[in-house]
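K.L.:
Provided below: my_file.cif, containing mmCIF, C-alpha atoms.
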```cif
data_my_file
loop_
_atom_site.label_atom_id
_atom_site.label_comp_id
_atom_site.auth_asym_id
_atom_site.auth_seq_id
_atom_site.Cartn_x
_atom_site.Cartn_y
_atom_site.Cartn_z
CA MET A 247 82.00 -32.10 9.55
CA ILE A 248 82.65 -28.91 7.70
CA LEU A 249 84.76 -27.95 4.76
CA TYR A 250 86.34 -24.79 5.89
CA ASP A 251 87.85 -23.88 2.51
CA LYS A 252 87.11 -20.26 2.75
CA ILE A 253 86.96 -19.01 6.30
CA ILE A 254 90.20 -20.65 7.31
CA HIS A 255 92.06 -18.06 5.32
CA LYS A 256 89.89 -15.13 6.19
CA ALA A 257 88.61 -15.19 9.73
CA LYS A 258 90.59 -13.73 12.55
CA ILE A 259 88.74 -15.85 15.09
CA PRO A 260 89.98 -19.47 14.85
CA LEU A 261 87.18 -21.85 13.84
CA PRO A 262 87.38 -24.01 17.01
CA THR A 263 86.93 -20.80 19.03
CA LEU A 264 84.00 -19.77 16.86
CA SER A 265 82.43 -23.19 17.33
CA ARG A 266 82.94 -23.04 21.12
CA LEU A 267 81.50 -19.54 21.34
CA CYS A 268 78.36 -20.75 19.53
CA LYS A 269 78.10 -23.59 22.06
CA ILE A 270 78.66 -21.14 24.92
CA PHE A 271 75.79 -19.05 23.56
CA SER A 272 73.48 -22.11 23.78
CA LEU A 273 74.75 -22.85 27.26
CA LEU A 274 74.11 -19.27 28.42
CA GLU A 275 70.56 -19.55 27.11
CA GLU A 276 70.08 -22.74 29.16
CA TYR A 277 71.37 -21.08 32.34
CA ARG A 278 69.40 -17.88 31.71
CA GLN A 279 66.20 -19.91 31.41
CA LYS A 280 67.02 -21.56 34.73
CA GLY A 281 67.19 -18.08 36.29
CA GLU A 282 70.98 -17.94 36.69
CA THR A 283 72.74 -14.58 36.29
CA ILE A 284 76.44 -15.47 36.62
CA ILE A 285 78.51 -18.32 35.18
CA SER A 286 82.16 -19.11 35.76
CA SER A 287 84.69 -20.15 33.12
CA GLN A 288 85.14 -23.37 35.14
CA GLU A 289 81.45 -24.21 34.81
CA ILE A 290 81.43 -23.44 31.08
CA GLY A 291 84.58 -25.50 30.58
CA LYS A 292 83.12 -28.44 32.47
CA ARG A 293 79.99 -28.47 30.33
CA LEU A 294 81.94 -28.14 27.08
CA GLY A 295 84.62 -30.63 28.04
CA GLU A 296 87.32 -27.95 27.86
CA GLY A 297 89.71 -26.40 30.36
CA SER A 298 88.66 -23.09 31.89
CA HIS A 299 91.85 -21.57 30.49
CA SER A 300 90.77 -22.18 26.90
CA ILE A 301 87.32 -20.77 27.70
CA ARG A 302 88.92 -17.58 29.03
CA LYS A 303 91.08 -17.45 25.92
CA ASP A 304 87.98 -17.77 23.72
CA MET A 305 86.40 -14.88 25.63
CA GLY A 306 89.47 -12.82 24.79
CA TYR A 307 88.30 -12.73 21.16
CA LEU A 308 85.15 -10.97 22.37
CA ASN A 309 87.14 -8.55 24.48
CA GLU A 310 85.34 -9.98 27.50
CA SER A 311 87.43 -10.54 30.58
CA GLY A 312 84.63 -11.44 32.98
CA THR A 313 84.65 -10.12 36.51
CA SER A 314 87.59 -11.85 38.17
CA GLY A 315 86.51 -14.57 40.54
CA ALA A 316 82.77 -14.04 40.24
CA GLY A 317 82.50 -15.18 36.63
CA TYR A 318 80.65 -13.79 33.61
CA GLU A 319 77.35 -11.95 33.68
CA ILE A 320 75.12 -14.20 31.60
CA ASP A 321 72.94 -11.46 30.06
CA LYS A 322 75.90 -9.30 29.17
CA LEU A 323 77.96 -12.12 27.68
CA GLN A 324 75.05 -13.45 25.66
CA LYS A 325 74.40 -9.96 24.30
CA ARG A 326 78.10 -9.59 23.42
CA ILE A 327 78.22 -12.87 21.47
CA GLN A 328 74.97 -11.93 19.76
CA ASP A 329 76.39 -8.58 18.65
CA VAL A 330 79.75 -9.89 17.47
CA PHE A 331 78.25 -12.74 15.43
CA GLY A 332 75.11 -10.98 14.26
CA PHE A 333 72.67 -13.36 15.99
CA ASN A 334 70.24 -10.46 16.40
CA LYS A 335 69.93 -10.39 12.62
CA GLN A 336 67.24 -12.93 11.73
CA ARG A 337 68.43 -14.48 8.47
CA ASN A 338 66.04 -16.11 6.02
CA ALA A 339 66.29 -19.82 5.34
CA CYS A 340 64.57 -22.44 3.21
CA ILE A 341 64.04 -26.20 3.32
CA ILE A 342 64.99 -28.38 0.35
CA GLY A 343 63.04 -31.64 0.38
CA LEU A 344 59.60 -31.71 2.00
CA GLY A 345 59.45 -35.34 3.12
CA SER A 346 58.90 -36.19 6.77
CA LEU A 347 62.00 -34.41 8.10
CA GLY A 348 61.46 -31.33 5.94
CA SER A 349 57.82 -31.10 7.01
CA ILE A 350 58.57 -31.19 10.71
CA LEU A 351 61.30 -28.58 10.32
CA ILE A 352 58.83 -26.26 8.59
CA ASN A 353 56.23 -26.80 11.29
CA ALA A 354 58.71 -26.77 14.17
CA GLN A 355 59.56 -23.09 13.78
CA ALA A 356 59.73 -21.56 17.21
CA PRO A 357 60.53 -18.04 18.38
CA THR A 358 63.84 -19.49 19.57
CA PHE A 359 64.76 -20.73 16.09
CA PRO A 360 67.85 -18.78 15.05
CA CYS A 361 66.54 -18.04 11.53
CA SER A 362 63.24 -17.61 9.70
CA ILE A 363 62.32 -20.52 7.49
CA ILE A 364 60.27 -18.77 4.84
CA ALA A 365 60.12 -21.18 1.90
CA GLY A 366 60.15 -24.88 1.08
CA PHE A 367 61.13 -26.68 -2.12
CA ASP A 368 60.51 -30.14 -3.50
CA SER A 369 60.75 -31.63 -6.97
CA ASN A 370 57.67 -33.80 -6.37
CA THR A 371 54.56 -31.90 -7.44
CA ASN A 372 52.26 -34.30 -5.56
CA ILE A 373 53.96 -33.29 -2.31
CA LEU A 374 53.67 -29.60 -3.19
CA GLU A 375 49.96 -29.93 -3.90
CA THR A 376 48.99 -31.92 -0.81
CA LEU A 377 51.32 -30.55 1.88
CA GLN A 378 49.75 -28.33 4.55
CA THR A 379 52.34 -25.76 5.56
CA PRO A 380 52.34 -22.31 7.10
CA ILE A 381 54.81 -21.07 4.45
CA PRO A 382 54.86 -21.10 0.64
CA VAL A 383 56.34 -24.14 -1.12
CA TYR A 384 57.75 -24.25 -4.64
CA PRO A 385 59.09 -26.69 -7.22
CA THR A 386 62.90 -26.92 -7.10
CA TYR A 387 63.40 -25.20 -10.46
CA GLU A 388 62.20 -22.01 -8.78
CA ILE A 389 65.05 -22.08 -6.23
CA PRO A 390 67.18 -19.36 -7.92
CA SER A 391 64.36 -16.84 -8.38
CA VAL A 392 62.74 -17.36 -4.95
CA LEU A 393 66.09 -17.14 -3.12
CA LYS A 394 66.92 -13.85 -4.80
CA LYS A 395 63.45 -12.38 -4.39
CA GLU A 396 63.07 -13.37 -0.73
CA ASN A 397 66.69 -12.74 0.29
CA ILE A 398 67.19 -16.32 1.52
CA GLU A 399 70.76 -16.87 2.74
CA MET A 400 70.62 -20.36 4.27
CA ALA A 401 69.20 -23.74 3.27
CA ILE A 402 68.62 -27.05 5.01
CA ILE A 403 68.76 -29.93 2.55
CA THR A 404 66.77 -32.84 3.95
CA ASN A 405 66.45 -34.78 0.74
CA ALA A 406 67.88 -34.20 -2.69
CA ASP A 407 66.29 -37.13 -4.54
CA ARG A 408 69.68 -38.00 -5.98
CA ASN A 409 69.72 -34.61 -7.70
CA MET A 410 72.27 -33.05 -5.41
CA ASP A 411 74.36 -31.55 -8.21
CA MET A 412 71.32 -29.86 -9.73
CA ILE A 413 70.10 -28.64 -6.32
CA MET A 414 73.54 -27.22 -5.55
CA ASP A 415 73.73 -25.45 -8.92
CA ARG A 416 70.37 -23.81 -8.26
CA LEU A 417 71.26 -22.81 -4.70
CA ILE A 418 74.49 -21.25 -5.93
CA GLU A 419 72.61 -19.45 -8.71
CA GLY A 420 70.24 -18.09 -6.04
CA GLY A 421 73.20 -16.74 -4.05
CA ILE A 422 73.01 -19.07 -1.06
CA LYS A 423 75.62 -18.46 1.66
CA GLY A 424 75.24 -21.34 4.11
CA ILE A 425 73.92 -24.91 3.86
CA ILE A 426 73.06 -27.54 6.44
CA ASN A 427 73.12 -30.86 4.64
CA MET A 428 71.12 -33.53 6.46
CA THR A 429 71.24 -36.12 3.67
CA PRO A 430 73.61 -39.09 3.87
CA MET A 431 75.50 -37.68 0.89
CA ILE A 432 78.69 -35.85 1.85
CA LEU A 433 78.56 -32.39 0.39
CA SER A 434 81.76 -30.57 -0.44
CA SER A 435 81.99 -26.87 -1.01
CA TYR A 436 81.38 -26.60 -4.75
CA ASP A 437 81.87 -22.89 -4.51
CA LYS A 438 84.33 -21.20 -2.20
CA SER A 439 81.81 -18.62 -1.07
CA ILE A 440 79.44 -21.14 0.54
CA TYR A 441 79.69 -22.64 4.01
CA ILE A 442 78.49 -26.20 4.38
CA ARG A 443 77.72 -28.25 7.48
CA ASN A 444 77.15 -31.97 7.00
CA LEU A 445 74.81 -33.30 9.67
CA ASP A 446 74.32 -36.97 8.96
CA ILE A 447 72.69 -39.07 11.64
CA PHE A 448 73.68 -42.30 9.86
CA MET A 449 77.30 -41.31 10.06
CA GLU A 450 77.00 -40.33 13.71
CA PHE A 451 75.72 -43.84 14.42
CA ARG A 452 78.60 -45.34 12.50
CA TYR A 453 81.07 -43.19 14.39
CA LEU A 454 79.59 -44.26 17.75
CA SER A 455 79.59 -47.88 16.60
CA ALA A 456 83.23 -47.61 15.65
CA LEU A 457 84.13 -46.09 19.04
CA ILE A 458 82.24 -48.82 20.90
CA THR A 459 83.85 -51.52 18.76
CA ILE A 460 87.38 -50.19 19.23
CA ASP A 461 86.72 -49.79 22.91
CA SER A 462 85.50 -53.31 23.52
CA ALA A 463 88.42 -54.67 21.51
CA GLN A 464 90.84 -52.93 23.87
CA ILE A 465 89.39 -54.12 27.15
CA MET B 249 80.80 -31.61 18.73
CA ILE B 250 81.94 -34.51 20.83
CA LEU B 251 83.50 -34.80 24.23
CA TYR B 252 86.19 -37.28 23.67
CA ASP B 253 87.02 -37.79 27.36
CA LYS B 254 87.57 -41.44 27.06
CA ILE B 255 88.73 -42.56 23.68
CA ILE B 256 91.39 -39.91 23.38
CA HIS B 257 93.46 -41.84 25.87
CA LYS B 258 92.63 -45.28 24.60
CA ALA B 259 92.27 -45.50 20.86
CA LYS B 260 95.24 -46.13 18.67
CA ILE B 261 93.46 -44.63 15.69
CA PRO B 262 93.37 -40.82 16.05
CA LEU B 263 89.80 -39.51 16.28
CA PRO B 264 90.03 -37.28 13.18
CA THR B 265 91.13 -40.36 11.23
CA LEU B 266 88.27 -42.37 12.69
CA SER B 267 85.84 -39.62 11.72
CA ARG B 268 87.25 -39.44 8.18
CA LEU B 269 87.12 -43.22 7.75
CA CYS B 270 83.43 -43.13 8.71
CA LYS B 271 82.86 -40.44 6.09
CA ILE B 272 84.85 -42.45 3.56
CA PHE B 273 82.56 -45.41 4.27
CA SER B 274 79.52 -43.25 3.40
CA LEU B 275 81.26 -42.01 0.29
CA LEU B 276 82.11 -45.54 -0.85
CA GLU B 277 78.44 -46.47 -0.43
CA GLU B 278 77.46 -43.54 -2.65
CA TYR B 279 79.94 -44.56 -5.36
CA ARG B 280 79.00 -48.24 -5.09
CA GLN B 281 75.35 -47.36 -5.65
CA LYS B 282 76.35 -45.40 -8.74
CA GLY B 283 77.99 -48.58 -10.08
CA GLU B 284 81.60 -47.48 -9.57
CA THR B 285 84.20 -50.10 -8.64
CA ILE B 286 87.39 -48.07 -8.11
CA ILE B 287 88.04 -44.78 -6.33
CA SER B 288 91.28 -42.83 -6.06
CA SER B 289 92.62 -41.13 -2.93
CA GLN B 290 92.49 -37.85 -4.91
CA GLU B 291 88.77 -38.27 -5.52
CA ILE B 292 88.11 -39.17 -1.86
CA GLY B 293 90.20 -36.22 -0.71
CA LYS B 294 88.40 -33.84 -3.00
CA ARG B 295 84.99 -34.88 -1.68
CA LEU B 296 86.13 -34.70 1.94
CA GLY B 297 88.01 -31.45 1.54
CA GLU B 298 91.30 -33.13 2.48
CA GLY B 299 94.56 -33.73 0.69
CA SER B 300 95.03 -37.13 -0.92
CA HIS B 301 98.10 -37.60 1.26
CA SER B 302 96.07 -37.51 4.47
CA ILE B 303 93.55 -39.93 2.93
CA ARG B 304 96.36 -42.39 2.15
CA LYS B 305 97.66 -41.94 5.68
CA ASP B 306 94.18 -42.73 7.06
CA MET B 307 94.12 -45.87 4.95
CA GLY B 308 97.38 -46.88 6.57
CA TYR B 309 95.48 -47.48 9.81
CA LEU B 310 93.44 -50.09 7.98
CA ASN B 311 96.56 -51.66 6.50
CA GLU B 312 95.17 -50.77 3.09
CA SER B 313 97.61 -49.45 0.56
CA GLY B 314 95.33 -49.43 -2.48
CA THR B 315 96.62 -50.47 -5.83
CA SER B 316 99.16 -47.88 -6.84
CA GLY B 317 97.85 -45.56 -9.50
CA ALA B 318 94.49 -47.24 -10.08
CA GLY B 319 93.04 -46.40 -6.67
CA TYR B 320 91.09 -48.43 -4.12
CA GLU B 321 88.66 -51.23 -4.90
CA ILE B 322 85.40 -49.88 -3.48
CA ASP B 323 83.91 -53.23 -2.41
CA LYS B 324 87.11 -54.36 -0.76
CA LEU B 325 87.74 -51.10 1.07
CA GLN B 326 84.16 -50.86 2.29
CA LYS B 327 84.38 -54.42 3.59
CA ARG B 328 87.67 -53.63 5.32
CA ILE B 329 86.27 -50.55 7.14
CA GLN B 330 83.18 -52.56 8.05
CA ASP B 331 85.29 -55.31 9.58
CA VAL B 332 87.67 -53.05 11.49
CA PHE B 333 84.91 -50.90 12.98
CA GLY B 334 82.32 -53.62 13.46
CA PHE B 335 79.73 -52.10 11.10
CA ASN B 336 78.54 -55.59 10.25
CA LYS B 337 77.38 -55.93 13.83
CA GLN B 338 73.87 -54.42 13.96
CA ARG B 339 73.71 -52.69 17.35
CA ASN B 340 70.42 -52.01 19.10
CA ALA B 341 69.30 -48.44 19.67
CA CYS B 342 66.37 -46.59 21.22
CA ILE B 343 64.72 -43.19 20.84
CA ILE B 344 64.19 -40.95 23.86
CA GLY B 345 61.37 -38.48 23.25
CA LEU B 346 58.57 -39.44 20.88
CA GLY B 347 57.55 -36.01 19.61
CA SER B 348 57.61 -35.22 15.89
CA LEU B 349 61.35 -35.88 15.40
CA GLY B 350 61.32 -39.06 17.50
CA SER B 351 58.31 -40.40 15.62
CA ILE B 352 59.83 -39.91 12.20
CA LEU B 353 63.09 -41.54 13.30
CA ILE B 354 61.15 -44.58 14.50
CA ASN B 355 59.23 -44.79 11.26
CA ALA B 356 62.20 -43.94 9.04
CA GLN B 357 64.03 -47.17 9.78
CA ALA B 358 65.49 -48.43 6.56
CA PRO B 359 67.62 -51.47 5.73
CA THR B 360 70.48 -48.98 5.32
CA PHE B 361 70.12 -47.64 8.85
CA PRO B 362 73.33 -48.55 10.65
CA CYS B 363 71.56 -49.81 13.79
CA SER B 364 68.25 -51.34 14.80
CA ILE B 365 65.93 -48.95 16.63
CA ILE B 366 63.99 -51.39 18.78
CA ALA B 367 62.39 -49.25 21.51
CA GLY B 368 61.04 -45.77 22.16
CA PHE B 369 60.61 -43.88 25.44
CA ASP B 370 58.61 -40.85 26.49
CA SER B 371 57.53 -39.51 29.87
CA ASN B 372 54.17 -38.41 28.47
CA THR B 373 51.67 -41.26 28.85
CA ASN B 374 49.22 -39.64 26.40
CA ILE B 375 51.86 -39.93 23.68
CA LEU B 376 52.59 -43.55 24.60
CA GLU B 377 48.91 -44.45 24.41
CA THR B 378 48.11 -42.76 21.12
CA LEU B 379 51.32 -43.19 19.08
CA GLN B 380 51.21 -45.70 16.23
CA THR B 381 54.65 -47.26 15.95
CA PRO B 382 56.11 -50.47 14.58
CA ILE B 383 58.16 -50.95 17.77
CA PRO B 384 57.31 -51.06 21.48
CA VAL B 385 57.27 -47.79 23.42
CA TYR B 386 57.70 -47.35 27.17
CA PRO B 387 57.55 -44.71 29.90
CA THR B 388 61.00 -43.28 30.66
CA TYR B 389 61.22 -44.90 34.12
CA GLU B 390 61.51 -48.23 32.33
CA ILE B 391 64.70 -47.14 30.50
CA PRO B 392 67.15 -49.10 32.75
CA SER B 393 65.25 -52.41 32.65
CA VAL B 394 64.40 -52.30 28.92
CA LEU B 395 67.98 -51.35 27.94
CA LYS B 396 69.39 -54.29 29.88
CA LYS B 397 66.77 -56.78 28.73
CA GLU B 398 66.97 -55.81 25.05
CA ASN B 399 70.73 -55.19 24.94
CA ILE B 400 70.33 -51.61 23.73
CA GLU B 401 73.73 -49.91 23.37
CA MET B 402 72.85 -46.60 21.72
CA ALA B 403 70.23 -43.88 22.21
CA ILE B 404 69.06 -40.86 20.24
CA ILE B 405 67.69 -38.20 22.55
CA THR B 406 65.25 -36.01 20.60
CA ASN B 407 63.59 -34.41 23.59
CA ALA B 408 64.26 -34.65 27.29
CA ASP B 409 61.42 -32.43 28.56
CA ARG B 410 63.91 -30.57 30.76
CA ASN B 411 64.63 -33.85 32.57
CA MET B 412 68.04 -34.42 30.99
CA ASP B 413 69.77 -35.30 34.25
CA MET B 414 67.16 -37.92 35.09
CA ILE B 415 67.24 -39.33 31.54
CA MET B 416 71.04 -39.54 31.66
CA ASP B 417 70.97 -41.31 35.03
CA ARG B 418 68.57 -43.89 33.66
CA LEU B 419 70.53 -44.41 30.46
CA ILE B 420 73.71 -44.92 32.47
CA GLU B 421 71.92 -47.33 34.81
CA GLY B 422 70.79 -49.25 31.72
CA GLY B 423 74.41 -49.51 30.54
CA ILE B 424 74.19 -47.25 27.48
CA LYS B 425 77.42 -46.89 25.49
CA GLY B 426 76.73 -44.18 22.92
CA ILE B 427 74.32 -41.25 22.70
CA ILE B 428 73.30 -38.94 19.88
CA ASN B 429 71.88 -35.83 21.51
CA MET B 430 69.63 -33.88 19.17
CA THR B 431 68.23 -31.49 21.81
CA PRO B 432 69.52 -27.91 22.06
CA MET B 433 71.00 -28.76 25.46
CA ILE B 434 74.74 -29.44 25.35
CA LEU B 435 75.37 -32.82 26.87
CA SER B 436 78.70 -33.53 28.51
CA SER B 437 79.95 -36.98 29.24
CA TYR B 438 78.60 -37.58 32.75
CA ASP B 439 80.29 -40.91 32.79
CA LYS B 440 83.64 -41.64 31.19
CA SER B 441 82.39 -44.85 29.61
CA ILE B 442 79.80 -43.16 27.39
CA TYR B 443 80.37 -41.52 24.00
CA ILE B 444 78.22 -38.53 23.22
CA ARG B 445 77.59 -36.71 19.96
CA ASN B 446 75.78 -33.39 20.15
CA LEU B 447 73.85 -32.78 16.94
CA ASP B 448 72.05 -29.49 17.37
CA ILE B 449 70.52 -27.91 14.30
CA PHE B 450 69.97 -24.60 16.15
CA MET B 451 73.66 -24.38 16.85
CA GLU B 452 74.55 -25.26 13.27
CA PHE B 453 72.43 -22.33 12.13
CA ARG B 454 74.14 -20.04 14.63
CA TYR B 455 77.54 -21.25 13.46
CA LEU B 456 76.64 -20.57 9.81
CA SER B 457 75.19 -17.17 10.77
CA ALA B 458 78.40 -16.30 12.57
CA LEU B 459 80.51 -17.34 9.56
CA ILE B 460 78.34 -15.28 7.20
CA THR B 461 78.46 -12.28 9.54
CA ILE B 462 82.25 -12.39 9.97
CA ASP B 463 82.61 -12.84 6.25
CA SER B 464 80.53 -9.86 5.25
CA ALA B 465 82.31 -7.74 7.87
CA GLN B 466 85.65 -8.52 6.23
CA ILE B 467 84.71 -7.72 2.66
#
```
Please go through the file and, once you have read it, give me the structure as structure tokens.

P.N.:
Amino acid sequence: MILYDKIIHKAKIPLPTLSRLCKIFSLLEEYRQKGETIISSQEIGKRLGEGSHSIRKDMGYLNESGTSGAGYEIDKLQKRIQDVFGFNKQRNACIIGLGSLGSILINAQAPTFPCSIIAGFDSNTNILETLQTPIPVYPTYEIPSVLKKENIEMAIITNADRNMDMIMDRLIEGGIKGIINMTPMILSSYDKSIYIRNLDIFMEFRYLSALITIDSAQI
Amino acid sequence: MILYDKIIHKAKIPLPTLSRLCKIFSLLEEYRQKGETIISSQEIGKRLGEGSHSIRKDMGYLNESGTSGAGYEIDKLQKRIQDVFGFNKQRNACIIGLGSLGSILINAQAPTFPCSIIAGFDSNTNILETLQTPIPVYPTYEIPSVLKKENIEMAIITNADRNMDMIMDRLIEGGIKGIINMTPMILSSYDKSIYIRNLDIFMEFRYLSALITIDSAQI
């Protein structure tokens, strides 16, 4: 779902490991909230659908060996992942497209949200005038200036009104670093310095449909 | 993002190919709507961040060779993918969790949506009584009976109220085949006959944050 163009040549941590470590962070949060203090590589592997060996290998990139037998201390491991990947740094984000999905994302901000959504953009002035939001909203032509002024590094695109090229140009001009694209349009990395994640629920449904279809054809 | 447990042993089409062909289908739709009739493997590859060679190889699984030089006929290729993966069969789906995200998914149903969302479930009776929806909504204990009666094959879980195990048991009892999990909880395949896609926006943000952090550390 991602176009790795850039990182694949630069990062020392392989991307599948990076992805798993982000999942492990979520998992640790789940266990911590349940009051657990220790988790084994077997348990992590089971939940992620991976062998415990590959989990231990992933941990190697963090210089975490666990305590042999007993497993990993949840607090300590979570803190380690947080430090290595900068999760303690709250990065600023914005929402592009303030339709129904954009509106709930703006209003759904929780203390657990891993970034601060501090601005919204839409090209429809009616929406901008009538929307009740806890954060400032702007017309899309202000993307470059607001991003620079507010130090916004990430964007969620919920709707681009068929103006994706223009939106991308403005995001790039504003110095965006990471984008989550939730529109059905597949977004490639226009610029090698930007990371893009395509999160398309339509396509997920198609993928599941295809799996179910293939499966029933083989029974 | 998926636990492939099952298909990896069964499908003849490799999963990365299946995933790319689903993306190609979306891309063809985009080009068709723009009035295009032909697309080259180079163009597809460029948009997907893949080489044109791997695109042509993917097409091989569809027994589609394209017309050498000119590229693929968009209508024909779209129809072919649709037939092979059963996209013309409209499968029934339901929403679990009728909070803000669940509600917009129910109301966002468009003719382009690749499945019919025909039921909603929530364990909160206040929500069930007050929600205005175009489709019937039920308490979660009715999941097994409604799924069987209405032939519902897919579910989107937007919120499980910390009752994920119970929800999963009921979905399995109802004979669910595919699940899109949009909660922050990582869902493993409890049952080998179910396909699961974890679509967690929190984790996507963490992944982007990690990429940005690693990147700036290496400059």

K.L.:
To test your reading of the syntax: which residues would the PyMOL selection byres ((chain B) within 8 of (chain A)) return for the file shown? Reply as a PyMOL selection string.

P.N.:
chain B and resi 251+253+255+258-259+266-267+270-271+274-275+278+294-297+333-335+339+348-349+352+361-363+425-428+432-437+443+445+447+450-463+466

K.L.:
Save the residues we just selected, C-alpha atoms, as a short mmCIF file (atom, residue, chain, number, x, y, z; two decimals), in the coordinates of the input?

P.N.:
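Contents of result35.cif, as written:
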```cif
data_model
loop_
_atom_site.label_atom_id
_atom_site.label_comp_id
_atom_site.auth_asym_id
_atom_site.auth_seq_id
_atom_site.Cartn_x
_atom_site.Cartn_y
_atom_site.Cartn_z
CA LEU B 251 83.50 -34.80 24.23
CA ASP B 253 87.02 -37.79 27.36
CA ILE B 255 88.73 -42.56 23.68
CA LYS B 258 92.63 -45.28 24.60
CA ALA B 259 92.27 -45.50 20.86
CA LEU B 266 88.27 -42.37 12.69
CA SER B 267 85.84 -39.62 11.72
CA CYS B 270 83.43 -43.13 8.71
CA LYS B 271 82.86 -40.44 6.09
CA SER B 274 79.52 -43.25 3.40
CA LEU B 275 81.26 -42.01 0.29
CA GLU B 278 77.46 -43.54 -2.65
CA LYS B 294 88.40 -33.84 -3.00
CA ARG B 295 84.99 -34.88 -1.68
CA LEU B 296 86.13 -34.70 1.94
CA GLY B 297 88.01 -31.45 1.54
CA PHE B 333 84.91 -50.90 12.98
CA GLY B 334 82.32 -53.62 13.46
CA PHE B 335 79.73 -52.10 11.10
CA ARG B 339 73.71 -52.69 17.35
CA SER B 348 57.61 -35.22 15.89
CA LEU B 349 61.35 -35.88 15.40
CA ILE B 352 59.83 -39.91 12.20
CA PHE B 361 70.12 -47.64 8.85
CA PRO B 362 73.33 -48.55 10.65
CA CYS B 363 71.56 -49.81 13.79
CA LYS B 425 77.42 -46.89 25.49
CA GLY B 426 76.73 -44.18 22.92
CA ILE B 427 74.32 -41.25 22.70
CA ILE B 428 73.30 -38.94 19.88
CA PRO B 432 69.52 -27.91 22.06
CA MET B 433 71.00 -28.76 25.46
CA ILE B 434 74.74 -29.44 25.35
CA LEU B 435 75.37 -32.82 26.87
CA SER B 436 78.70 -33.53 28.51
CA SER B 437 79.95 -36.98 29.24
CA TYR B 443 80.37 -41.52 24.00
CA ARG B 445 77.59 -36.71 19.96
CA LEU B 447 73.85 -32.78 16.94
CA PHE B 450 69.97 -24.60 16.15
CA MET B 451 73.66 -24.38 16.85
CA GLU B 452 74.55 -25.26 13.27
CA PHE B 453 72.43 -22.33 12.13
CA ARG B 454 74.14 -20.04 14.63
CA TYR B 455 77.54 -21.25 13.46
CA LEU B 456 76.64 -20.57 9.81
CA SER B 457 75.19 -17.17 10.77
CA ALA B 458 78.40 -16.30 12.57
CA LEU B 459 80.51 -17.34 9.56
CA ILE B 460 78.34 -15.28 7.20
CA THR B 461 78.46 -12.28 9.54
CA ILE B 462 82.25 -12.39 9.97
CA ASP B 463 82.61 -12.84 6.25
CA GLN B 466 85.65 -8.52 6.23
#
```

K.L.:
Centre and edge lengths, as JSON, for the axis-aligned box enclosing every listed atom of stretch 452-465 of chain B with 8 Å of padding on each of the six sides, in Å to one decimal?

P.N.:
```
{"center_x": 77.5, "center_y": -16.5, "center_z": 9.9, "size_x": 26.2, "size_y": 33.5, "size_z": 25.4}
```

K.L.:
What does the distance between atom CA of A:Ile418 and atom CA of A:Asp368 come to in Å, to one decimal place?

P.N.:
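Separation between atom CA of A:Ile418 and atom CA of A:Asp368: 16.7 Å.
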
K.L.:
May I have the residues within 7 Å of stretch 277-288 of chain A as a PDB file with C-alpha atoms, keeping the file's coordinate frame, using only C-alpha atoms and disregarding those fewer than 3 positions away in the same chain?

P.N.:
```pdb
ATOM      1  CA  LEU A 273      74.750 -22.850  27.260  1.00  0.00           C
ATOM      2  CA  LEU A 274      74.110 -19.270  28.420  1.00  0.00           C
ATOM      3  CA  GLY A 291      84.580 -25.500  30.580  1.00  0.00           C
ATOM      4  CA  LYS A 292      83.120 -28.440  32.470  1.00  0.00           C
ATOM      5  CA  SER A 298      88.660 -23.090  31.890  1.00  0.00           C
ATOM      6  CA  ILE A 301      87.320 -20.770  27.700  1.00  0.00           C
ATOM      7  CA  ARG A 302      88.920 -17.580  29.030  1.00  0.00           C
ATOM      8  CA  ALA A 316      82.770 -14.040  40.240  1.00  0.00           C
ATOM      9  CA  GLY A 317      82.500 -15.180  36.630  1.00  0.00           C
ATOM     10  CA  TYR A 318      80.650 -13.790  33.610  1.00  0.00           C
ATOM     11  CA  GLU A 319      77.350 -11.950  33.680  1.00  0.00           C
ATOM     12  CA  ILE A 320      75.120 -14.200  31.600  1.00  0.00           C
ATOM     13  CA  ASP A 321      72.940 -11.460  30.060  1.00  0.00           C
TER      14      ASP A 321
END
```

K.L.:
If we count all atoms listed in the file, what is near stretch 410-413 of chain A at a cut-off of 9 Å, once residues fewer than 2 positions away on the same chain are taken out, given as a list in words?

P.N.:
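The residues satisfying every condition are Ile342, Thr386, Tyr387, Ile389, Asn405, Ala406, Asp407, Arg408, Asp415, Arg416, Leu417, Ile418, Met431 and Leu433 of chain A.
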
K.L.:
Please compute the atom CA of B:Ile354-atom CA of B:Pro387 distance, one decimal, in Å.

P.N.:
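About the pair atom CA of B:Ile354 and atom CA of B:Pro387: they are 15.8 Å apart.
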
K.L.:
Would you work out the distance separating atom CA of B:Thr265 from atom CA of B:Leu325, expressed in Å to one decimal?

P.N.:
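Computed distance, atom CA of B:Thr265 to atom CA of B:Leu325, equals 15.2 Å.
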
K.L.:
Quick one: apply the PyMOL selection byres ((chain B and resi 343) around 7) to the file and drop the selected residues here as JSON, numbers by chain.

P.N.:
{"B": [342, 344, 345, 350, 367, 368, 369, 403, 404, 405]}

K.L.:
Just say which residues the PyMOL selection byres ((chain A and resi 382) around 10) picks in this file, as a count of residues only.

P.N.:
11

K.L.:
Name the closest residue to A:Lys303 among the candidates A:Leu377, A:Ile363, A:Asn334, A:Pro260; distances are taken between atoms, counting all atoms listed in the file.

P.N.:
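Closest to A:Lys303 of all the choices is A:Pro260.
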
K.L.:
Please determine, counting only C-alpha atoms, which residue among A:Leu308, A:Leu393, A:Ile373, A:Ile290 has the shortest atom-to-atom distance to A:Lys325.

P.N.:
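Closest candidate: A:Leu308.
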